[in-house]
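For reference, model.pdb (PDB, C-alpha atoms):
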ATOM      1  CA  MET N   1      29.175  38.033 100.149
ATOM      2  CA  LEU N   2      32.009  40.419  99.159
ATOM      3  CA  LYS N   3      32.593  41.381 102.803
ATOM      4  CA  ASP N   4      32.924  37.733 103.874
ATOM      5  CA  LYS N   5      35.387  36.976 101.080
ATOM      6  CA  VAL N   6      37.486  40.094 101.781
ATOM      7  CA  THR N   7      37.478  39.358 105.530
ATOM      8  CA  GLU N   8      38.733  35.833 104.873
ATOM      9  CA  LEU N   9      41.490  37.067 102.513
ATOM     10  CA  LEU N  10      42.465  39.821 104.935
ATOM     11  CA  ASN N  11      42.757  37.374 107.826
ATOM     12  CA  GLN N  12      44.951  35.080 105.710
ATOM     13  CA  ALA N  13      47.239  37.982 104.766
ATOM     14  CA  LEU N  14      47.565  39.068 108.403
ATOM     15  CA  GLU N  15      48.376  35.486 109.459
ATOM     16  CA  GLU N  16      51.320  35.539 107.037
ATOM     17  CA  ASN N  17      52.768  38.624 108.753
ATOM     18  CA  GLN N  18      52.025  38.328 112.487
ATOM     19  CA  SER N  19      53.533  41.764 113.239
ATOM     20  CA  LEU N  20      50.678  43.477 111.364
ATOM     21  CA  PHE N  21      47.214  43.970 112.809
ATOM     22  CA  LEU N  22      43.923  45.415 111.617
ATOM     23  CA  ILE N  23      42.782  48.826 112.832
ATOM     24  CA  ASP N  24      39.810  49.407 110.543
ATOM     25  CA  PHE N  25      38.056  47.678 107.660
ATOM     26  CA  LYS N  26      35.115  49.111 105.717
ATOM     27  CA  ILE N  27      33.263  48.360 102.511
ATOM     28  CA  SER N  28      31.042  51.179 101.255
ATOM     29  CA  SER N  29      27.812  50.671  99.326
ATOM     30  CA  ASP N  30      29.692  51.240  96.042
ATOM     31  CA  ASN N  31      32.190  48.438  96.899
ATOM     32  CA  LYS N  32      35.049  50.694  97.933
ATOM     33  CA  ILE N  33      37.164  48.551 100.242
ATOM     34  CA  LYS N  34      39.298  50.453 102.772
ATOM     35  CA  VAL N  35      41.721  48.644 105.068
ATOM     36  CA  THR N  36      43.781  50.407 107.758
ATOM     37  CA  LEU N  37      46.717  48.507 109.272
ATOM     38  CA  ASP N  38      49.241  49.023 112.020
ATOM     39  CA  GLY N  39      52.205  46.941 113.032
ATOM     40  CA  ASP N  40      54.342  46.179 116.047
ATOM     41  CA  ASN N  41      57.322  47.527 114.086
ATOM     42  CA  GLY N  42      55.384  50.037 112.003
ATOM     43  CA  VAL N  43      53.959  49.413 108.538
ATOM     44  CA  ALA N  44      56.125  49.599 105.450
ATOM     45  CA  LEU N  45      54.883  50.240 101.934
ATOM     46  CA  LYS N  46      55.710  46.628 101.032
ATOM     47  CA  ASP N  47      53.402  45.468 103.866
ATOM     48  CA  CYS N  48      50.480  47.444 102.433
ATOM     49  CA  MET N  49      51.277  46.137  98.952
ATOM     50  CA  ALA N  50      51.378  42.529 100.180
ATOM     51  CA  VAL N  51      47.994  42.803 101.890
ATOM     52  CA  SER N  52      46.523  44.624  98.882
ATOM     53  CA  ARG N  53      47.750  41.920  96.494
ATOM     54  CA  ALA N  54      46.517  39.135  98.767
ATOM     55  CA  ILE N  55      43.022  40.603  98.561
ATOM     56  CA  GLU N  56      42.945  41.921  94.998
ATOM     57  CA  HIS N  57      44.468  38.863  93.308
ATOM     58  CA  ASN N  58      41.869  36.602  94.876
ATOM     59  CA  LEU N  59      38.780  38.592  93.901
ATOM     60  CA  ASP N  60      37.179  38.462  90.468
ATOM     61  CA  ARG N  61      36.377  41.891  89.007
ATOM     62  CA  GLU N  62      34.096  40.169  86.471
ATOM     63  CA  GLU N  63      32.003  38.911  89.358
ATOM     64  CA  GLU N  64      31.931  42.164  91.344
ATOM     65  CA  ASP N  65      33.493  45.552  90.624
ATOM     66  CA  PHE N  66      35.411  47.098  93.542
ATOM     67  CA  SER N  67      38.150  49.531  94.485
ATOM     68  CA  LEU N  68      40.709  48.713  97.141
ATOM     69  CA  GLU N  69      42.749  50.966  99.417
ATOM     70  CA  VAL N  70      45.182  49.543 101.980
ATOM     71  CA  GLU N  71      46.857  52.106 104.230
ATOM     72  CA  SER N  72      48.848  52.326 107.424
ATOM     73  CA  ALA N  73      47.513  54.113 110.469
ATOM     74  CA  GLY N  74      48.883  57.638 110.289
ATOM     75  CA  ALA N  75      50.999  59.302 112.946
ATOM     76  CA  THR N  76      47.994  61.300 114.145
ATOM     77  CA  THR N  77      45.493  58.447 113.987
ATOM     78  CA  PRO N  78      43.971  57.773 117.427
ATOM     79  CA  LEU N  79      45.141  54.617 119.175
ATOM     80  CA  VAL N  80      42.377  52.037 119.512
ATOM     81  CA  LEU N  81      43.953  48.690 120.445
ATOM     82  CA  PRO N  82      46.012  47.692 123.516
ATOM     83  CA  ARG N  83      48.652  46.417 121.078
ATOM     84  CA  GLN N  84      49.121  49.973 119.748
ATOM     85  CA  TYR N  85      49.803  51.327 123.236
ATOM     86  CA  LYS N  86      52.493  48.700 123.817
ATOM     87  CA  LYS N  87      54.359  49.689 120.663
ATOM     88  CA  ASN N  88      54.279  53.370 121.680
ATOM     89  CA  ILE N  89      55.843  53.009 125.149
ATOM     90  CA  GLY N  90      58.312  55.850 125.622
ATOM     91  CA  ARG N  91      56.380  58.315 123.465
ATOM     92  CA  ILE N  92      54.304  61.294 124.578
ATOM     93  CA  LEU N  93      50.540  60.698 124.425
ATOM     94  CA  GLU N  94      47.571  62.992 124.712
ATOM     95  CA  VAL N  95      44.752  61.050 126.356
ATOM     96  CA  ARG N  96      41.148  62.178 126.788
ATOM     97  CA  VAL N  97      38.947  60.489 129.378
ATOM     98  CA  GLN N  98      35.444  61.456 130.415
ATOM     99  CA  ASP N  99      36.224  64.401 132.697
ATOM    100  CA  SER N 100      39.843  65.308 131.968
ATOM    101  CA  ASN N 101      42.802  65.293 129.604
ATOM    102  CA  PHE N 102      46.300  64.010 130.278
ATOM    103  CA  GLU N 103      49.515  64.515 128.367
ATOM    104  CA  GLY N 104      52.539  62.531 129.377
ATOM    105  CA  LYS N 105      55.094  59.896 128.544
ATOM    106  CA  LEU N 106      53.625  56.427 128.147
ATOM    107  CA  THR N 107      55.692  54.326 130.558
ATOM    108  CA  ALA N 108      53.652  51.115 130.730
ATOM    109  CA  ALA N 109      50.840  49.385 128.856
ATOM    110  CA  THR N 110      48.913  46.186 129.524
ATOM    111  CA  GLU N 111      45.810  44.719 127.939
ATOM    112  CA  ASP N 112      43.687  46.669 130.462
ATOM    113  CA  SER N 113      45.485  49.914 131.325
ATOM    114  CA  ILE N 114      48.225  52.406 130.498
ATOM    115  CA  THR N 115      50.498  54.490 132.721
ATOM    116  CA  LEU N 116      51.411  58.075 131.870
ATOM    117  CA  GLU N 117      54.109  60.136 133.624
ATOM    118  CA  TRP N 118      54.804  63.867 133.371
ATOM    119  CA  LYS N 119      56.275  66.772 135.318
ATOM    120  CA  ALA N 120      54.056  69.526 136.694
ATOM    121  CA  ARG N 121      54.617  72.787 138.551
ATOM    122  CA  GLU N 122      52.691  73.028 141.814
ATOM    123  CA  PRO N 123      52.692  75.505 144.704
ATOM    124  CA  LYS N 124      55.228  74.701 147.434
ATOM    125  CA  PRO N 125      53.698  73.038 150.495
ATOM    126  CA  VAL N 126      55.290  75.747 152.656
ATOM    127  CA  GLY N 127      56.197  79.231 151.528
ATOM    128  CA  LYS N 128      55.872  81.032 148.226
ATOM    129  CA  GLY N 129      56.756  79.800 144.766
ATOM    130  CA  LYS N 130      56.344  76.565 142.899
ATOM    131  CA  VAL N 131      58.105  73.251 142.830
ATOM    132  CA  THR N 132      58.370  70.712 139.994
ATOM    133  CA  VAL N 133      56.806  67.360 140.874
ATOM    134  CA  GLN N 134      56.655  64.060 139.020
ATOM    135  CA  LYS N 135      53.082  62.939 138.310
ATOM    136  CA  LYS N 136      51.918  59.460 137.402
ATOM    137  CA  GLN N 137      48.463  58.352 136.276
ATOM    138  CA  GLU N 138      47.185  54.878 135.505
ATOM    139  CA  ILE N 139      44.251  54.925 133.094
ATOM    140  CA  ALA N 140      42.001  52.007 132.209
ATOM    141  CA  ILE N 141      41.895  51.485 128.452
ATOM    142  CA  SER N 142      38.106  51.123 128.699
ATOM    143  CA  ASP N 143      37.923  54.702 130.087
ATOM    144  CA  ILE N 144      39.895  56.250 127.229
ATOM    145  CA  GLN N 145      37.749  58.207 124.799
ATOM    146  CA  GLU N 146      40.673  59.178 122.568
ATOM    147  CA  ALA N 147      44.439  58.791 122.684
ATOM    148  CA  LYS N 148      46.946  60.164 120.198
ATOM    149  CA  VAL N 149      50.703  60.277 119.945
ATOM    150  CA  VAL N 150      51.961  63.852 120.305
ATOM    151  CA  LEU N 151      54.415  64.822 117.596
ATOM    152  CA  LYS N 152      57.004  67.402 118.656
ATOM    153  CA  PHE N 153      59.108  69.241 116.109
TER     154      PHE N 153
END
Starting from the file, lay out its structure as structure tokens.
Amino acid sequence: MLKDKVTELLNQALEENQSLFLIDFKISSDNKIKVTLDGDNGVALKDCMAVSRAIEHNLDREEEDFSLEVESAGATTPLVLPRQYKKNIGRILEVRVQDSNFEGKLTAATEDSITLEWKAREPKPVGKGKVTVQKKQEIAISDIQEAKVVLKF
């Protein structure tokens, strides 16, 4: 019953701010509610507070005791939704698929696939030495096991 009520309140809060979207939502056996959000333009503290209030102010602690945590997806949180890839176009991603890993600049994203580009050093076709070549790989989102934004300092 608590999960249904929280889901309804969460959906209402997300309808009020269409730029936010749900990444994860869990309720533990001891009624600890944890909501993870992301947004097309990032997630501000006020966004988390608004969603938290929308849920908390509409639940009765006399009826059921609970704790509530609303957080934004962190910088190192894996990407899980096509919408997250779209907002990260232009950033460097590390992507793991079944038999290989790719690291490159995300240049395109659709509902079904992403495109990564990077430079690689390869042996010259003729003669000794290496040459820098531009690589491009299209990856189906369904094939991605894990994708993270690479933070460079």
Item to check | Residues near Phe21 in chain N, cut-off 8 Å, only C-alpha atoms, skip fewer than 5 positions along chain, as a PyMOL selection string | outcome: chain N and resi 14+37-39
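With all atoms listed in the file as the basis for measurement, N:Ala44 is the residue among N:Ile33, N:Leu79, N:Val131, N:Ala44 that approaches Leu20 in chain N most closely.
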Checklist entry - How would you write as a PyMOL selection string the residues that get within 9 Å of (38.8, 49.5, 130.5) in the file's frame, counting all atoms listed in the file? => result chain N and resi 111-113+139-144
Checklist entry - Applied to this file, what does the PyMOL selection byres ((chain N and resi 146) around 12) return in terms of residues, put as an NGL selection string? => result :N and (76-81 or 93-98 or 100-103 or 139 or 141-145 or 147-149)
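Nearest to Ser28 in chain N of all the residues N:Leu10, N:Ala50, N:Leu2, N:Leu45 is N:Leu2, based on all atoms listed in the file.
With only C-alpha atoms as the atoms that count, the residue of N:Val6, N:Val126, N:Leu106, N:Ile114 with the shortest distance to Ser67 in chain N is N:Val6.
Residues surrounding Lys3 in chain N within 12 Å are Met1, Lys5, Val6, Thr7, Glu8, Leu9, Leu10, Phe25, Lys26, Ile27, Ser28, Ser29, Asn31, Lys32, Ile33, Lys34, Val35, Ile55, Leu59, Glu64 and Phe66 of chain N [all atoms listed in the file; sequence separation below 2 positions excluded].
Near Thr107 in chain N, within 6 Å and counting only C-alpha atoms, sit Ile89, Gly90, Thr115 and Leu116 of chain N; same-chain residues fewer than 5 positions away were not included.
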Prev. selection, C-alpha atoms, output as a tab-separated table (two decimals), in the coordinates of the input:
chain	number	residue	atom	x	y	z
N	89	ILE	CA	55.84	53.01	125.15
N	90	GLY	CA	58.31	55.85	125.62
N	115	THR	CA	50.50	54.49	132.72
N	116	LEU	CA	51.41	58.08	131.87
Item to check | Residue contacts of Pro82 in chain N (7 Å, all atoms listed in the file) excluding same-chain residues fewer than 3 positions away, as number ranges by chain | outcome: N: 85-86, 110-111
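Note that the spacing between CA of Glu71 in chain N and CA of Ser19 in chain N amounts to 15.3 Å.
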Write out as a compact mmCIF listing (two decimals) with C-alpha atoms, keeping the file's coordinate frame the residues lying within 10 Å of Gln134 in chain N, counting all atoms listed in the file and excluding same-chain residues fewer than 5 positions away.
# COMPACT_ATOMS: atom_id res chain seq x y z
CA GLU N 117 54.11 60.14 133.62
CA TRP N 118 54.80 63.87 133.37
CA LYS N 119 56.28 66.77 135.32
CA ALA N 120 54.06 69.53 136.69
CA ARG N 121 54.62 72.79 138.55
Can you patch up range 56-89 of chain N, filling it in to N, CA and C atoms, and show the result as an mmCIF file, in the coordinates of the input?
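Output file rebuild.cif is given in full below:
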data_model
loop_
_atom_site.group_PDB
_atom_site.id
_atom_site.type_symbol
_atom_site.label_atom_id
_atom_site.label_comp_id
_atom_site.auth_asym_id
_atom_site.auth_seq_id
_atom_site.Cartn_x
_atom_site.Cartn_y
_atom_site.Cartn_z
ATOM 1 N N GLU N 56 43.303 41.623 96.387
ATOM 2 C CA GLU N 56 42.945 41.921 94.998
ATOM 3 C C GLU N 56 43.122 40.727 94.062
ATOM 4 N N HIS N 57 44.204 39.984 94.215
ATOM 5 C CA HIS N 57 44.468 38.863 93.308
ATOM 6 C C HIS N 57 43.546 37.677 93.522
ATOM 7 N N ASN N 58 42.777 37.707 94.596
ATOM 8 C CA ASN N 58 41.869 36.602 94.876
ATOM 9 C C ASN N 58 40.396 36.981 94.733
ATOM 10 N N LEU N 59 40.149 38.166 94.195
ATOM 11 C CA LEU N 59 38.780 38.592 93.901
ATOM 12 C C LEU N 59 38.621 38.723 92.392
ATOM 13 N N ASP N 60 37.454 38.416 91.906
ATOM 14 C CA ASP N 60 37.179 38.462 90.468
ATOM 15 C C ASP N 60 36.414 39.741 90.140
ATOM 16 N N ARG N 61 37.037 40.637 89.395
ATOM 17 C CA ARG N 61 36.377 41.891 89.007
ATOM 18 C C ARG N 61 35.206 41.647 88.053
ATOM 19 N N GLU N 62 35.222 40.512 87.361
ATOM 20 C CA GLU N 62 34.096 40.169 86.471
ATOM 21 C C GLU N 62 32.849 39.858 87.301
ATOM 22 N N GLU N 63 33.096 39.295 88.466
ATOM 23 C CA GLU N 63 32.003 38.911 89.358
ATOM 24 C C GLU N 63 31.433 40.128 90.083
ATOM 25 N N GLU N 64 32.354 40.983 90.597
ATOM 26 C CA GLU N 64 31.931 42.164 91.344
ATOM 27 C C GLU N 64 32.986 43.254 91.205
ATOM 28 N N ASP N 65 32.556 44.446 90.785
ATOM 29 C CA ASP N 65 33.493 45.552 90.624
ATOM 30 C C ASP N 65 33.778 46.156 92.002
ATOM 31 N N PHE N 66 35.036 46.536 92.248
ATOM 32 C CA PHE N 66 35.411 47.098 93.542
ATOM 33 C C PHE N 66 36.647 47.974 93.378
ATOM 34 N N SER N 67 36.879 48.819 94.378
ATOM 35 C CA SER N 67 38.150 49.531 94.485
ATOM 36 C C SER N 67 38.724 49.172 95.841
ATOM 37 N N LEU N 68 40.046 49.161 95.924
ATOM 38 C CA LEU N 68 40.709 48.713 97.141
ATOM 39 C C LEU N 68 41.769 49.717 97.570
ATOM 40 N N GLU N 69 41.756 50.062 98.846
ATOM 41 C CA GLU N 69 42.749 50.966 99.417
ATOM 42 C C GLU N 69 43.252 50.346 100.713
ATOM 43 N N VAL N 70 44.557 50.078 100.773
ATOM 44 C CA VAL N 70 45.182 49.543 101.980
ATOM 45 C C VAL N 70 46.175 50.595 102.456
ATOM 46 N N GLU N 71 46.012 51.040 103.708
ATOM 47 C CA GLU N 71 46.857 52.106 104.230
ATOM 48 C C GLU N 71 47.328 51.774 105.638
ATOM 49 N N SER N 72 48.376 52.475 106.051
ATOM 50 C CA SER N 72 48.848 52.326 107.424
ATOM 51 C C SER N 72 48.178 53.396 108.269
ATOM 52 N N ALA N 73 48.065 53.118 109.554
ATOM 53 C CA ALA N 73 47.513 54.113 110.469
ATOM 54 C C ALA N 73 48.493 55.280 110.513
ATOM 55 N N GLY N 74 48.012 56.467 110.319
ATOM 56 C CA GLY N 74 48.883 57.638 110.289
ATOM 57 C C GLY N 74 49.412 57.998 111.669
ATOM 58 N N ALA N 75 50.375 58.882 111.688
ATOM 59 C CA ALA N 75 50.999 59.302 112.946
ATOM 60 C C ALA N 75 50.002 59.980 113.876
ATOM 61 N N THR N 76 48.980 60.597 113.315
ATOM 62 C CA THR N 76 47.994 61.300 114.145
ATOM 63 C C THR N 76 46.699 60.516 114.309
ATOM 64 N N THR N 77 46.680 59.286 113.837
ATOM 65 C CA THR N 77 45.493 58.447 113.987
ATOM 66 C C THR N 77 45.344 58.042 115.449
ATOM 67 N N PRO N 78 44.151 58.173 116.027
ATOM 68 C CA PRO N 78 43.971 57.773 117.427
ATOM 69 C C PRO N 78 44.302 56.287 117.641
ATOM 70 N N LEU N 79 44.840 55.994 118.813
ATOM 71 C CA LEU N 79 45.141 54.617 119.175
ATOM 72 C C LEU N 79 43.848 53.944 119.622
ATOM 73 N N VAL N 80 43.628 52.712 119.180
ATOM 74 C CA VAL N 80 42.377 52.037 119.512
ATOM 75 C C VAL N 80 42.572 50.655 120.145
ATOM 76 N N LEU N 81 43.720 50.038 119.935
ATOM 77 C CA LEU N 81 43.953 48.690 120.445
ATOM 78 C C LEU N 81 45.055 48.674 121.495
ATOM 79 N N PRO N 82 44.937 47.803 122.519
ATOM 80 C CA PRO N 82 46.012 47.692 123.516
ATOM 81 C C PRO N 82 47.377 47.441 122.872
ATOM 82 N N ARG N 83 47.399 46.720 121.778
ATOM 83 C CA ARG N 83 48.652 46.417 121.078
ATOM 84 C C ARG N 83 49.341 47.690 120.578
ATOM 85 N N GLN N 84 48.553 48.708 120.211
ATOM 86 C CA GLN N 84 49.121 49.973 119.748
ATOM 87 C C GLN N 84 49.787 50.737 120.896
ATOM 88 N N TYR N 85 49.205 50.651 122.090
ATOM 89 C CA TYR N 85 49.803 51.327 123.236
ATOM 90 C C TYR N 85 51.162 50.710 123.551
ATOM 91 N N LYS N 86 51.242 49.395 123.500
ATOM 92 C CA LYS N 86 52.493 48.700 123.817
ATOM 93 C C LYS N 86 53.618 49.127 122.881
ATOM 94 N N LYS N 87 53.300 49.307 121.613
ATOM 95 C CA LYS N 87 54.359 49.689 120.663
ATOM 96 C C LYS N 87 54.769 51.153 120.796
ATOM 97 N N ASN N 88 53.981 51.943 121.519
ATOM 98 C CA ASN N 88 54.279 53.370 121.680
ATOM 99 C C ASN N 88 54.826 53.730 123.063
ATOM 100 N N ILE N 89 55.232 52.735 123.844
ATOM 101 C CA ILE N 89 55.843 53.009 125.149
ATOM 102 C C ILE N 89 57.080 53.874 124.929
#
